[in-house]
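See below for query-v6.cif, which holds mmCIF, C-alpha atoms.
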```cif
data_run
#
loop_
_atom_site.label_atom_id
_atom_site.label_comp_id
_atom_site.auth_asym_id
_atom_site.auth_seq_id
_atom_site.Cartn_x
_atom_site.Cartn_y
_atom_site.Cartn_z
CA MET A 1 81.88 105.72 101.64
CA TYR A 2 80.34 109.20 101.77
CA GLY A 3 81.39 109.77 105.38
CA LYS A 4 85.02 109.16 104.49
CA MET A 5 84.79 111.60 101.56
CA VAL A 6 83.37 114.31 103.83
CA ARG A 7 86.07 113.81 106.43
CA LEU A 8 88.87 113.77 103.85
CA GLU A 9 87.75 117.22 102.70
CA ARG A 10 88.57 118.50 106.18
CA ILE A 11 92.12 117.15 105.86
CA VAL A 12 92.88 117.78 102.18
CA ASN A 13 92.48 121.18 100.54
CA ARG A 14 89.74 120.57 97.99
CA ALA A 15 91.03 123.34 95.70
CA THR A 16 94.51 121.86 95.29
CA GLY A 17 94.06 118.22 96.33
CA ARG A 18 97.06 118.67 98.63
CA SER A 19 97.52 118.94 102.34
CA VAL A 20 99.81 120.55 104.90
CA ILE A 21 99.58 118.42 108.03
CA VAL A 22 101.30 119.29 111.31
CA PRO A 23 102.00 116.24 113.51
CA MET A 24 102.07 117.24 117.19
CA ASP A 25 101.97 113.77 118.72
CA HIS A 26 105.56 114.04 119.98
CA GLY A 27 104.57 114.72 123.60
CA VAL A 28 104.01 111.04 124.31
CA THR A 29 107.37 110.05 122.83
CA LEU A 30 109.51 112.91 124.07
CA GLY A 31 107.54 114.73 126.76
CA PRO A 32 106.64 118.46 126.85
CA ILE A 33 109.34 119.57 124.43
CA LYS A 34 109.77 123.06 123.02
CA GLY A 35 106.94 124.09 120.73
CA ILE A 36 104.24 121.88 122.23
CA ARG A 37 104.50 122.78 125.91
CA SER A 38 101.35 124.77 125.26
CA MET A 39 99.46 122.78 122.65
CA LYS A 40 96.78 125.42 122.22
CA ASN A 41 99.25 128.17 121.30
CA THR A 42 100.79 125.97 118.62
CA VAL A 43 97.41 124.89 117.28
CA ASP A 44 96.39 128.56 117.09
CA ALA A 45 99.53 129.42 115.14
CA VAL A 46 99.28 126.70 112.51
CA ALA A 47 95.49 126.89 112.14
CA SER A 48 95.48 130.64 111.54
CA SER A 49 98.38 130.32 109.09
CA GLY A 50 96.83 127.89 106.62
CA ALA A 51 97.67 124.37 107.81
CA ASP A 52 95.04 121.85 106.77
CA ALA A 53 95.23 119.38 109.66
CA ALA A 54 97.09 118.42 112.83
CA VAL A 55 97.96 115.02 114.30
CA VAL A 56 97.56 114.67 118.06
CA HIS A 57 96.88 112.00 120.64
CA LYS A 58 93.40 111.65 122.09
CA GLY A 59 94.03 113.63 125.29
CA ALA A 60 95.70 116.49 123.42
CA ALA A 61 92.64 116.73 121.17
CA ILE A 62 90.76 117.96 124.21
CA PHE A 63 93.23 120.42 125.74
CA GLY A 64 94.33 121.69 122.33
CA HIS A 65 90.80 122.35 121.06
CA ARG A 66 89.99 125.75 119.56
CA GLY A 67 86.46 127.09 119.83
CA TYR A 68 87.08 129.93 117.40
CA GLY A 69 88.82 130.88 114.13
CA ARG A 70 89.23 128.75 111.02
CA ASP A 71 88.91 125.01 111.30
CA LEU A 72 91.88 122.68 111.45
CA GLY A 73 91.40 119.05 110.47
CA LEU A 74 91.79 116.71 113.44
CA ILE A 75 93.73 113.45 113.03
CA ILE A 76 93.96 111.26 116.13
CA HIS A 77 97.15 109.21 116.37
CA LEU A 78 96.34 105.69 117.54
CA SER A 79 99.80 104.26 118.28
CA ALA A 80 102.54 105.29 120.68
CA SER A 81 105.81 104.54 122.44
CA THR A 82 108.12 106.59 124.65
CA SER A 83 111.81 107.39 124.40
CA LEU A 84 112.20 105.94 127.90
CA GLY A 85 111.05 102.45 126.94
CA PRO A 86 113.42 99.61 125.98
CA ASP A 87 112.54 99.99 122.30
CA PRO A 88 111.07 103.36 121.23
CA ASN A 89 110.35 101.87 117.79
CA ASN A 90 107.93 99.34 119.29
CA LYS A 91 104.61 101.08 118.73
CA VAL A 92 101.50 99.84 120.54
CA LEU A 93 97.85 100.75 120.11
CA VAL A 94 96.66 103.39 122.61
CA ALA A 95 93.34 104.48 121.06
CA THR A 96 90.62 103.16 118.77
CA VAL A 97 88.75 104.41 115.73
CA GLU A 98 85.58 104.52 117.83
CA GLU A 99 87.25 106.80 120.38
CA ALA A 100 88.41 109.08 117.58
CA LEU A 101 84.87 109.29 116.24
CA LYS A 102 83.57 110.31 119.67
CA LEU A 103 86.20 113.07 119.77
CA GLY A 104 84.99 114.43 116.43
CA ALA A 105 88.09 113.39 114.50
CA ASP A 106 88.35 113.81 110.75
CA GLY A 107 90.91 111.02 110.46
CA VAL A 108 93.18 108.66 112.36
CA SER A 109 96.82 107.71 111.95
CA ILE A 110 99.00 104.78 112.90
CA HIS A 111 102.78 104.30 112.86
CA VAL A 112 104.34 101.20 111.25
CA ASN A 113 108.07 100.39 111.06
CA ILE A 114 108.70 98.07 108.12
CA GLY A 115 111.63 95.76 108.81
CA ALA A 116 111.54 96.17 112.59
CA GLU A 117 111.60 93.13 114.85
CA ASP A 118 107.98 93.75 115.81
CA GLU A 119 106.87 94.41 112.21
CA ALA A 120 104.34 91.57 112.35
CA GLN A 121 102.58 93.07 115.35
CA MET A 122 102.40 96.52 113.77
CA LEU A 123 101.12 95.12 110.47
CA SER A 124 98.43 93.24 112.35
CA LEU A 125 97.37 96.48 114.05
CA LEU A 126 97.36 98.30 110.71
CA GLY A 127 95.09 95.65 109.22
CA SER A 128 92.73 95.82 112.19
CA ILE A 129 92.57 99.63 112.17
CA SER A 130 92.05 99.66 108.41
CA ARG A 131 89.07 97.34 108.83
CA SER A 132 87.53 99.61 111.48
CA CYS A 133 88.12 102.67 109.30
CA GLN A 134 86.29 101.03 106.42
CA GLU A 135 83.39 100.18 108.70
CA TRP A 136 83.06 103.70 110.12
CA GLY A 137 84.03 105.77 107.08
CA MET A 138 87.12 107.17 108.80
CA PRO A 139 90.16 108.26 106.75
CA LEU A 140 93.38 106.48 107.70
CA MET A 141 96.86 107.93 107.41
CA ALA A 142 99.59 105.30 107.78
CA MET A 143 103.02 106.55 108.84
CA MET A 144 105.22 104.01 107.06
CA TYR A 145 108.95 103.95 107.75
CA PRO A 146 111.63 101.41 106.76
CA ARG A 147 113.59 100.52 109.90
CA GLY A 148 115.40 97.42 111.08
CA ARG A 149 118.48 95.23 110.68
CA LYS A 150 117.87 94.58 106.98
CA ILE A 151 117.41 98.26 106.17
CA SER A 152 120.78 99.59 105.04
CA ASN A 153 119.46 103.10 104.38
CA GLU A 154 116.02 104.15 105.60
CA TYR A 155 115.87 106.88 102.92
CA ALA A 156 116.70 104.57 100.02
CA GLU A 157 114.12 104.43 97.25
CA GLU A 158 113.65 100.66 97.39
CA PHE A 159 112.88 100.66 101.11
CA VAL A 160 110.73 103.82 101.19
CA GLY A 161 108.82 102.59 98.15
CA HIS A 162 108.24 99.21 99.74
CA ALA A 163 107.02 100.74 103.01
CA ALA A 164 104.65 103.09 101.19
CA ARG A 165 103.22 100.26 99.08
CA VAL A 166 102.59 98.11 102.16
CA GLY A 167 100.50 100.87 103.74
CA ALA A 168 98.49 101.42 100.57
CA GLU A 169 97.80 97.73 100.00
CA LEU A 170 96.67 97.28 103.60
CA GLY A 171 94.03 99.98 103.24
CA ALA A 172 95.49 103.37 104.16
CA ASP A 173 93.97 106.41 102.46
CA ILE A 174 97.08 108.57 102.89
CA ILE A 175 100.70 107.48 103.33
CA LYS A 176 103.20 109.52 105.30
CA THR A 177 106.81 108.53 104.68
CA SER A 178 110.36 109.83 104.32
CA TYR A 179 111.68 111.81 101.38
CA THR A 180 114.31 109.86 99.44
CA GLY A 181 116.51 112.89 98.89
CA ASP A 182 115.90 113.73 95.23
CA PRO A 183 112.87 114.22 92.95
CA ASP A 184 113.73 111.44 90.49
CA SER A 185 113.84 108.63 93.04
CA PHE A 186 110.87 110.02 94.96
CA SER A 187 108.76 110.24 91.81
CA ARG A 188 109.21 106.48 91.44
CA VAL A 189 108.05 106.00 95.03
CA VAL A 190 104.94 108.06 94.20
CA ASP A 191 104.34 106.04 91.04
CA GLY A 192 104.40 102.83 93.06
CA CYS A 193 101.96 104.10 95.70
CA PRO A 194 98.32 104.07 94.53
CA VAL A 195 97.10 106.45 97.26
CA PRO A 196 98.14 110.04 98.09
CA LEU A 197 101.54 110.33 99.73
CA VAL A 198 102.73 113.10 102.07
CA VAL A 199 106.35 113.68 103.02
CA ALA A 200 107.56 113.64 106.60
CA GLY A 201 109.59 116.61 107.80
CA GLY A 202 112.18 114.52 109.57
CA PRO A 203 114.49 115.83 112.33
CA LYS A 204 114.73 119.55 113.06
CA VAL A 205 116.78 121.21 110.32
CA SER A 206 119.10 124.20 110.64
CA SER A 207 118.28 125.74 107.26
CA GLU A 208 114.77 126.88 106.46
CA MET A 209 115.67 127.17 102.80
CA ASP A 210 116.69 123.50 102.73
CA LEU A 211 113.33 122.58 104.23
CA LEU A 212 111.41 124.60 101.64
CA ARG A 213 113.50 123.12 98.82
CA MET A 214 112.67 119.63 100.07
CA VAL A 215 108.96 120.51 100.15
CA ARG A 216 109.05 121.94 96.63
CA ASP A 217 111.03 119.00 95.23
CA ALA A 218 108.66 116.49 96.87
CA VAL A 219 105.55 118.22 95.48
CA ASP A 220 107.15 118.49 92.04
CA ALA A 221 107.82 114.74 92.24
CA GLY A 222 104.13 114.05 92.85
CA ALA A 223 103.71 114.21 96.63
CA SER A 224 100.25 115.26 97.77
CA GLY A 225 101.68 117.49 100.48
CA VAL A 226 103.68 117.29 103.66
CA ALA A 227 103.36 116.20 107.28
CA ILE A 228 105.91 118.33 109.12
CA GLY A 229 106.10 118.50 112.91
CA ARG A 230 109.26 119.75 114.66
CA ASN A 231 110.37 121.91 111.75
CA ILE A 232 107.12 123.82 112.22
CA PHE A 233 106.29 123.79 115.93
CA GLN A 234 109.92 124.30 117.04
CA HIS A 235 110.50 127.10 114.54
CA GLU A 236 111.12 130.51 116.09
CA ASN A 237 107.92 131.65 114.35
CA PRO A 238 105.57 128.69 113.66
CA SER A 239 103.05 130.98 111.98
CA ILE A 240 105.50 132.28 109.39
CA ILE A 241 107.00 128.89 108.50
CA THR A 242 103.49 127.42 108.17
CA ARG A 243 102.56 130.20 105.74
CA ARG A 244 105.71 129.61 103.74
CA ILE A 245 105.17 125.86 103.49
CA CYS A 246 101.53 126.38 102.54
CA ALA A 247 102.60 128.80 99.81
CA VAL A 248 104.88 126.16 98.30
CA VAL A 249 102.36 123.32 98.59
CA HIS A 250 99.15 125.14 97.64
CA ARG A 251 100.29 128.11 95.55
CA GLY A 252 103.33 126.73 93.77
CA TYR A 253 105.76 129.25 95.23
CA THR A 254 109.46 128.64 94.83
CA PRO A 255 111.45 128.44 98.08
CA GLU A 256 112.87 131.89 97.32
CA GLU A 257 109.39 133.37 96.82
CA ALA A 258 108.13 131.70 99.98
CA MET A 259 110.98 133.17 102.02
CA GLU A 260 109.66 136.62 101.12
CA ILE A 261 106.45 135.98 103.08
CA ARG A 262 106.45 138.09 106.21
CA GLY A 263 102.88 138.82 107.18
CA HIS A 264 99.37 137.46 106.70
CA GLU A 265 99.27 136.63 103.00
CA ASP A 266 96.54 134.19 102.00
CA VAL A 267 98.53 131.10 101.00
CA ARG A 268 95.75 128.52 100.83
#
```

Rewrite the coordinates I just gave you, this time as structure tokens.
Amino acid sequence: MYGKMVRLERIVNRATGRSVIVPMDHGVTLGPIKGIRSMKNTVDAVASSGADAAVVHKGAAIFGHRGYGRDLGLIIHLSASTSLGPDPNNKVLVATVEEALKLGADGVSIHVNIGAEDEAQMLSLLGSISRSCQEWGMPLMAMMYPRGRKISNEYAEEFVGHAARVGAELGADIIKTSYTGDPDSFSRVVDGCPVPLVVAGGPKVSSEMDLLRMVRDAVDAGASGVAIGRNIFQHENPSIITRRICAVVHRGYTPEEAMEIRGHEDVR
């Protein structure tokens, strides 16, 4: 699958084998929230600061496009729901792999809630999208989260590990999932996932140092990078926090060293 290999190199840093991905698909779920009111400004900030790829919906791929500067891998998110619907966790398909190809995408992503009442529907969509990705040589990132009545703790190792394994076995090339809270348990999640795994940033945090520690711990535990949205695009300076995260992921900086970054250091 040569086409898939070429596209993956636009998402994953070939020098480190890791990736800093910035999901910006929140506008469908939450509306024009802070940080993505102007998609192009945010894309400019993260692209110029070392991020490897961004996740957006198909319309945003057009009005967020940059015709200048360094490239930023483009991942089109194929599933969606809104916070105004009866069940925001019920994700439906809103785009296809073929549409993503026409937009020049380097990858696609889909959201699956393991344990949710509509799990069967989302698994069916994941299987269908995986089949199309194999046919077209398109990388697939599966956002796999444990959620539902039987999930006592959505950050527990057993549930995160199960969700990650489901995505890998159904054909995803990259898994995005939650961090379990400590390197030991997360390393076991990584061991049980046969494809690269990136850690979600989760809700907006108050402490930047805590965020950087989580990133460092996840990478030390074997994560292949991060996929952080609100903690980047809602930061008071998205460019600086992107540089700091890239320094941890790609250069092995400690959180303390990363916090010293102020300007335009090359962190890729």

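Residue nearest Ser239 of chain A within the list A:Ala164, A:Val215, A:Ile261, A:Leu84: A:Ile261 [criterion: smallest interatomic distance, only C-alpha atoms].
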
One residue among A:His111, A:Ser81, A:Asp52, A:Leu101 is nearest to Ala15 of chain A when using all atoms listed in the file, and that residue is A:Asp52

Open item on the list: List as a list in words the protein and nucleic acid residues near Thr242 of chain A, meaning an atom at most 10 Å away when only C-alpha atoms are counted, but skip any in the same chain fewer than 4 places from it.
Closed with: Val20, Ile21, Val22, Ala45, Val46, Ala47, Ser48, Ser49, Gly50, Ala51, Ile228, Asn231, Ile232, Phe233, His235, Asn237, Pro238, Cys246, Ala247 and Val267 of chain A

Please list, as a VMD selection string, the residues that have an atom at most 10 Å away from (107.0, 103.0, 107.4) in the coordinates of this file, counting only C-alpha atoms.
chain A and resid 110 to 116 119 142 to 147 154 159 to 167 175 to 178

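As for atom CA of Asp173 of chain A and atom CA of Met138 of chain A, they are spaced 9.4 Å apart.
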